[in-house]
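Structure data (TSV, N, CA and C atoms) from my_file.tsv:
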```tsv
chain	number	residue	atom	x	y	z
A	536	MET	N	-114.06	-39.82	89.83
A	536	MET	CA	-113.66	-40.41	88.57
A	536	MET	C	-113.89	-39.43	87.42
A	537	HIS	N	-114.84	-38.51	87.58
A	537	HIS	CA	-115.13	-37.56	86.51
A	537	HIS	C	-113.96	-36.64	86.20
A	538	ARG	N	-113.00	-36.53	87.06
A	538	ARG	CA	-111.84	-35.67	86.84
A	538	ARG	C	-110.82	-36.31	85.90
A	539	LEU	N	-110.83	-37.63	85.80
A	539	LEU	CA	-109.86	-38.30	84.95
A	539	LEU	C	-110.10	-37.98	83.48
A	540	GLY	N	-111.34	-37.92	83.06
A	540	GLY	CA	-111.66	-37.63	81.66
A	540	GLY	C	-111.10	-36.31	81.18
A	541	PRO	N	-111.39	-35.21	81.88
A	541	PRO	CA	-110.82	-33.92	81.44
A	541	PRO	C	-109.29	-33.89	81.48
A	542	CYS	N	-108.71	-34.54	82.47
A	542	CYS	CA	-107.25	-34.59	82.55
A	542	CYS	C	-106.69	-35.37	81.37
A	543	ALA	N	-107.27	-36.52	81.06
A	543	ALA	CA	-106.81	-37.33	79.93
A	543	ALA	C	-106.97	-36.57	78.62
A	544	ALA	N	-108.06	-35.83	78.47
A	544	ALA	CA	-108.28	-35.04	77.25
A	544	ALA	C	-107.20	-33.96	77.10
A	545	ALA	N	-106.89	-33.29	78.20
A	545	ALA	CA	-105.84	-32.26	78.16
A	545	ALA	C	-104.49	-32.89	77.84
A	546	LEU	N	-104.20	-34.03	78.45
A	546	LEU	CA	-102.93	-34.71	78.18
A	546	LEU	C	-102.87	-35.20	76.74
A	547	ARG	N	-103.99	-35.63	76.19
A	547	ARG	CA	-104.05	-36.07	74.79
A	547	ARG	C	-103.68	-34.91	73.85
A	548	GLU	N	-104.22	-33.73	74.14
A	548	GLU	CA	-103.88	-32.56	73.31
A	548	GLU	C	-102.40	-32.21	73.44
A	549	LEU	N	-101.88	-32.30	74.65
A	549	LEU	CA	-100.47	-32.00	74.86
A	549	LEU	C	-99.56	-33.06	74.24
A	550	ALA	N	-100.03	-34.30	74.17
A	550	ALA	CA	-99.25	-35.37	73.54
A	550	ALA	C	-99.05	-35.10	72.05
A	551	LYS	N	-99.97	-34.34	71.45
A	551	LYS	CA	-99.87	-33.97	70.03
A	551	LYS	C	-99.09	-32.67	69.82
A	552	SER	N	-98.87	-31.94	70.88
A	552	SER	CA	-98.33	-30.59	70.81
A	552	SER	C	-96.81	-30.57	70.62
A	553	ASN	N	-96.36	-29.49	70.03
A	553	ASN	CA	-94.92	-29.23	69.91
A	553	ASN	C	-94.51	-28.05	70.78
A	554	ASP	N	-95.36	-27.70	71.72
A	554	ASP	CA	-95.10	-26.57	72.61
A	554	ASP	C	-93.77	-26.76	73.33
A	555	PRO	N	-92.91	-25.75	73.35
A	555	PRO	CA	-91.62	-25.90	74.01
A	555	PRO	C	-91.74	-26.11	75.53
A	556	HIS	N	-92.88	-25.75	76.09
A	556	HIS	CA	-93.09	-25.93	77.53
A	556	HIS	C	-94.05	-27.08	77.82
A	557	ARG	N	-94.15	-27.99	76.89
A	557	ARG	CA	-95.09	-29.11	77.00
A	557	ARG	C	-94.88	-29.91	78.27
A	558	ASP	N	-93.64	-30.14	78.64
A	558	ASP	CA	-93.36	-30.93	79.84
A	558	ASP	C	-93.94	-30.27	81.09
A	559	ILE	N	-93.79	-28.97	81.19
A	559	ILE	CA	-94.32	-28.23	82.34
A	559	ILE	C	-95.84	-28.28	82.35
A	560	LEU	N	-96.45	-28.11	81.19
A	560	LEU	CA	-97.91	-28.14	81.09
A	560	LEU	C	-98.47	-29.51	81.44
A	561	ILE	N	-97.80	-30.56	80.99
A	561	ILE	CA	-98.23	-31.92	81.30
A	561	ILE	C	-98.15	-32.15	82.81
A	562	GLU	N	-97.03	-31.81	83.40
A	562	GLU	CA	-96.87	-32.00	84.84
A	562	GLU	C	-97.90	-31.19	85.62
A	563	ARG	N	-98.20	-29.99	85.16
A	563	ARG	CA	-99.18	-29.15	85.83
A	563	ARG	C	-100.58	-29.79	85.79
A	564	HIS	N	-100.96	-30.32	84.63
A	564	HIS	CA	-102.27	-30.99	84.52
A	564	HIS	C	-102.34	-32.21	85.42
A	565	ILE	N	-101.27	-32.97	85.47
A	565	ILE	CA	-101.25	-34.16	86.33
A	565	ILE	C	-101.32	-33.75	87.79
A	566	ASP	N	-100.57	-32.75	88.18
A	566	ASP	CA	-100.59	-32.28	89.57
A	566	ASP	C	-101.98	-31.78	89.97
A	567	GLU	N	-102.63	-31.04	89.08
A	567	GLU	CA	-103.98	-30.53	89.36
A	567	GLU	C	-104.97	-31.68	89.50
A	568	TYR	N	-104.85	-32.68	88.65
A	568	TYR	CA	-105.72	-33.85	88.74
A	568	TYR	C	-105.52	-34.55	90.09
A	569	LEU	N	-104.29	-34.70	90.50
A	569	LEU	CA	-104.01	-35.40	91.75
A	569	LEU	C	-104.53	-34.61	92.95
A	570	LYS	N	-104.46	-33.30	92.90
A	570	LYS	CA	-104.97	-32.47	94.00
A	570	LYS	C	-106.48	-32.58	94.12
A	571	ALA	N	-107.16	-32.68	92.98
A	571	ALA	CA	-108.62	-32.67	92.96
A	571	ALA	C	-109.23	-34.05	93.15
A	572	ASP	N	-108.43	-35.09	93.08
A	572	ASP	CA	-108.99	-36.44	93.17
A	572	ASP	C	-109.39	-36.76	94.61
A	573	PRO	N	-110.62	-37.27	94.80
A	573	PRO	CA	-111.09	-37.54	96.16
A	573	PRO	C	-110.52	-38.82	96.77
A	574	PHE	N	-109.84	-39.63	95.97
A	574	PHE	CA	-109.29	-40.89	96.46
A	574	PHE	C	-107.87	-40.68	96.96
A	575	SER	N	-107.24	-41.74	97.34
A	575	SER	CA	-105.86	-41.64	97.80
A	575	SER	C	-104.93	-41.31	96.64
A	576	LEU	N	-103.80	-40.77	96.95
A	576	LEU	CA	-102.82	-40.41	95.93
A	576	LEU	C	-102.39	-41.64	95.13
A	577	ALA	N	-102.13	-42.72	95.82
A	577	ALA	CA	-101.70	-43.95	95.14
A	577	ALA	C	-102.77	-44.43	94.17
A	578	HIS	N	-104.02	-44.40	94.61
A	578	HIS	CA	-105.13	-44.83	93.77
A	578	HIS	C	-105.25	-43.92	92.54
A	579	ALA	N	-105.15	-42.63	92.73
A	579	ALA	CA	-105.26	-41.68	91.63
A	579	ALA	C	-104.11	-41.85	90.64
A	580	LEU	N	-102.91	-42.05	91.14
A	580	LEU	CA	-101.76	-42.25	90.26
A	580	LEU	C	-101.91	-43.53	89.45
A	581	GLU	N	-102.39	-44.57	90.07
A	581	GLU	CA	-102.57	-45.84	89.36
A	581	GLU	C	-103.63	-45.71	88.27
A	582	ARG	N	-104.72	-45.02	88.56
A	582	ARG	CA	-105.75	-44.80	87.53
A	582	ARG	C	-105.19	-43.98	86.38
A	583	LEU	N	-104.41	-42.98	86.70
A	583	LEU	CA	-103.80	-42.16	85.66
A	583	LEU	C	-102.78	-42.96	84.85
A	584	ARG	N	-102.01	-43.79	85.51
A	584	ARG	CA	-101.04	-44.64	84.80
A	584	ARG	C	-101.75	-45.54	83.81
A	585	ARG	N	-102.86	-46.15	84.24
A	585	ARG	CA	-103.62	-47.03	83.35
A	585	ARG	C	-104.23	-46.25	82.19
A	586	ALA	N	-104.72	-45.05	82.45
A	586	ALA	CA	-105.30	-44.23	81.39
A	586	ALA	C	-104.25	-43.86	80.34
A	587	ILE	N	-103.06	-43.51	80.79
A	587	ILE	CA	-101.97	-43.18	79.87
A	587	ILE	C	-101.57	-44.41	79.07
A	588	HIS	N	-101.49	-45.55	79.73
A	588	HIS	CA	-101.16	-46.79	79.03
A	588	HIS	C	-102.19	-47.08	77.94
A	589	TYR	N	-103.46	-46.93	78.27
A	589	TYR	CA	-104.54	-47.16	77.32
A	589	TYR	C	-104.43	-46.21	76.12
A	590	GLU	N	-104.13	-44.96	76.39
A	590	GLU	CA	-103.97	-43.98	75.31
A	590	GLU	C	-102.78	-44.34	74.42
A	591	GLU	N	-101.70	-44.80	75.01
A	591	GLU	CA	-100.53	-45.19	74.23
A	591	GLU	C	-100.84	-46.38	73.33
A	592	LEU	N	-101.66	-47.30	73.81
A	592	LEU	CA	-102.02	-48.47	73.02
A	592	LEU	C	-102.78	-48.10	71.75
A	593	LYS	N	-103.45	-46.98	71.77
A	593	LYS	CA	-104.20	-46.54	70.59
A	593	LYS	C	-103.27	-46.11	69.46
A	594	SER	N	-102.03	-45.82	69.77
A	594	SER	CA	-100.99	-45.49	68.78
A	594	SER	C	-101.46	-44.47	67.74
A	595	ARG	N	-101.96	-43.36	68.20
A	595	ARG	CA	-102.36	-42.31	67.28
A	595	ARG	C	-101.12	-41.60	66.74
A	596	GLU	N	-101.15	-41.33	65.46
A	596	GLU	CA	-100.01	-40.69	64.82
A	596	GLU	C	-99.75	-39.31	65.42
A	597	GLY	N	-98.50	-39.04	65.70
A	597	GLY	CA	-98.10	-37.74	66.20
A	597	GLY	C	-98.21	-37.54	67.70
A	598	GLU	N	-98.64	-38.56	68.42
A	598	GLU	CA	-98.76	-38.43	69.88
A	598	GLU	C	-97.52	-39.00	70.57
A	599	ASP	N	-97.06	-38.27	71.55
A	599	ASP	CA	-95.92	-38.70	72.36
A	599	ASP	C	-96.33	-38.61	73.83
A	600	TRP	N	-96.54	-39.77	74.42
A	600	TRP	CA	-96.99	-39.85	75.81
A	600	TRP	C	-95.83	-40.04	76.79
A	601	SER	N	-94.61	-40.01	76.31
A	601	SER	CA	-93.47	-40.34	77.16
A	601	SER	C	-93.32	-39.39	78.36
A	602	ILE	N	-93.59	-38.12	78.17
A	602	ILE	CA	-93.43	-37.17	79.28
A	602	ILE	C	-94.43	-37.49	80.38
A	603	ALA	N	-95.69	-37.68	80.01
A	603	ALA	CA	-96.72	-38.00	81.00
A	603	ALA	C	-96.43	-39.34	81.67
A	604	ARG	N	-96.08	-40.34	80.86
A	604	ARG	CA	-95.79	-41.68	81.39
A	604	ARG	C	-94.62	-41.61	82.39
A	605	ASN	N	-93.56	-40.94	82.01
A	605	ASN	CA	-92.38	-40.87	82.88
A	605	ASN	C	-92.65	-40.08	84.15
A	606	TYR	N	-93.45	-39.03	84.06
A	606	TYR	CA	-93.76	-38.23	85.24
A	606	TYR	C	-94.59	-39.04	86.24
A	607	VAL	N	-95.60	-39.74	85.73
A	607	VAL	CA	-96.42	-40.57	86.62
A	607	VAL	C	-95.57	-41.69	87.23
A	608	ARG	N	-94.71	-42.29	86.44
A	608	ARG	CA	-93.81	-43.32	86.98
A	608	ARG	C	-92.93	-42.76	88.09
A	609	SER	N	-92.40	-41.57	87.88
A	609	SER	CA	-91.53	-40.99	88.91
A	609	SER	C	-92.31	-40.71	90.19
A	610	LEU	N	-93.54	-40.25	90.06
A	610	LEU	CA	-94.37	-40.02	91.26
A	610	LEU	C	-94.67	-41.33	91.97
A	611	LEU	N	-94.98	-42.36	91.19
A	611	LEU	CA	-95.25	-43.68	91.80
A	611	LEU	C	-94.02	-44.22	92.50
A	612	SER	N	-92.85	-44.05	91.90
A	612	SER	CA	-91.63	-44.58	92.51
A	612	SER	C	-91.27	-43.86	93.80
A	613	ARG	N	-91.64	-42.59	93.90
A	613	ARG	CA	-91.38	-41.85	95.15
A	613	ARG	C	-92.23	-42.36	96.30
A	614	MET	N	-93.34	-42.98	95.96
A	614	MET	CA	-94.25	-43.47	97.00
A	614	MET	C	-93.76	-44.76	97.65
A	615	THR	N	-92.87	-45.46	96.98
A	615	THR	CA	-92.41	-46.75	97.53
A	615	THR	C	-91.22	-46.59	98.42
```
Would it be possible to restate this file's structure as structure tokens?
Amino acid sequence: MHRLGPCAAALRELAKSNDPHRDILIERHIDEYLKADPFSLAHALERLRRAIHYEELKSREGEDWSIARNYVRSLLSRMT
């Protein structure tokens, strides 16, 4: 579970970023988190989905979580 915090922090910074390669960086952070998670892939994706949802609910100005949200959704949909 300790890996979710650093991943969420990195995604939070990227959600504020205007980096032209933001989508690639977000996907890379998510992929690294999933590789390092000791639980099942489905469990890790669900925890990440909930963390992203929680961050979106905070509605911080200038944050765009759509790339992370959509990437996690696409990974979850591939599992079904």
Subject >> Pick from A:Asp554, A:Asp566, A:Glu581, A:Glu591, whichever lies nearest to Leu611 of chain A using only N, CA and C atoms >> reply: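 Of A:Asp554, A:Asp566, A:Glu581, A:Glu591, the one nearest Leu611 of chain A is A:Glu581, counting only N, CA and C atoms.
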Take every atom of segment 565-572 of chain A listed in the file, fit an axis-aligned box around them, add 4 Å per side, and give the centre and edge lengths in Å to one decimal as lines of an AutoDock Vina configuration file.
```
center_x = -105.0
center_y = -33.6
center_z = 90.0
size_x = 16.8
size_y = 14.2
size_z = 17.1
```
Original post:
What separation in Å, quoted to one decimal, exists between atom N of Asp599 of chain A and atom N of Lys551 of chain A?
Top reply: 4.9 Å
Original post:
Just how far from atom CA of Trp600 of chain A is atom C of Arg613 of chain A, in Å to one decimal?
Top reply: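 Value for the atom C of Arg613 of chain A-atom CA of Trp600 of chain A distance: 21.2 Å.
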Original post:
In Å, how far is it from atom CA of Pro555 of chain A to atom CA of Pro541 of chain A?
Top reply: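 That distance, rounded to one decimal, is 22.1 Å.
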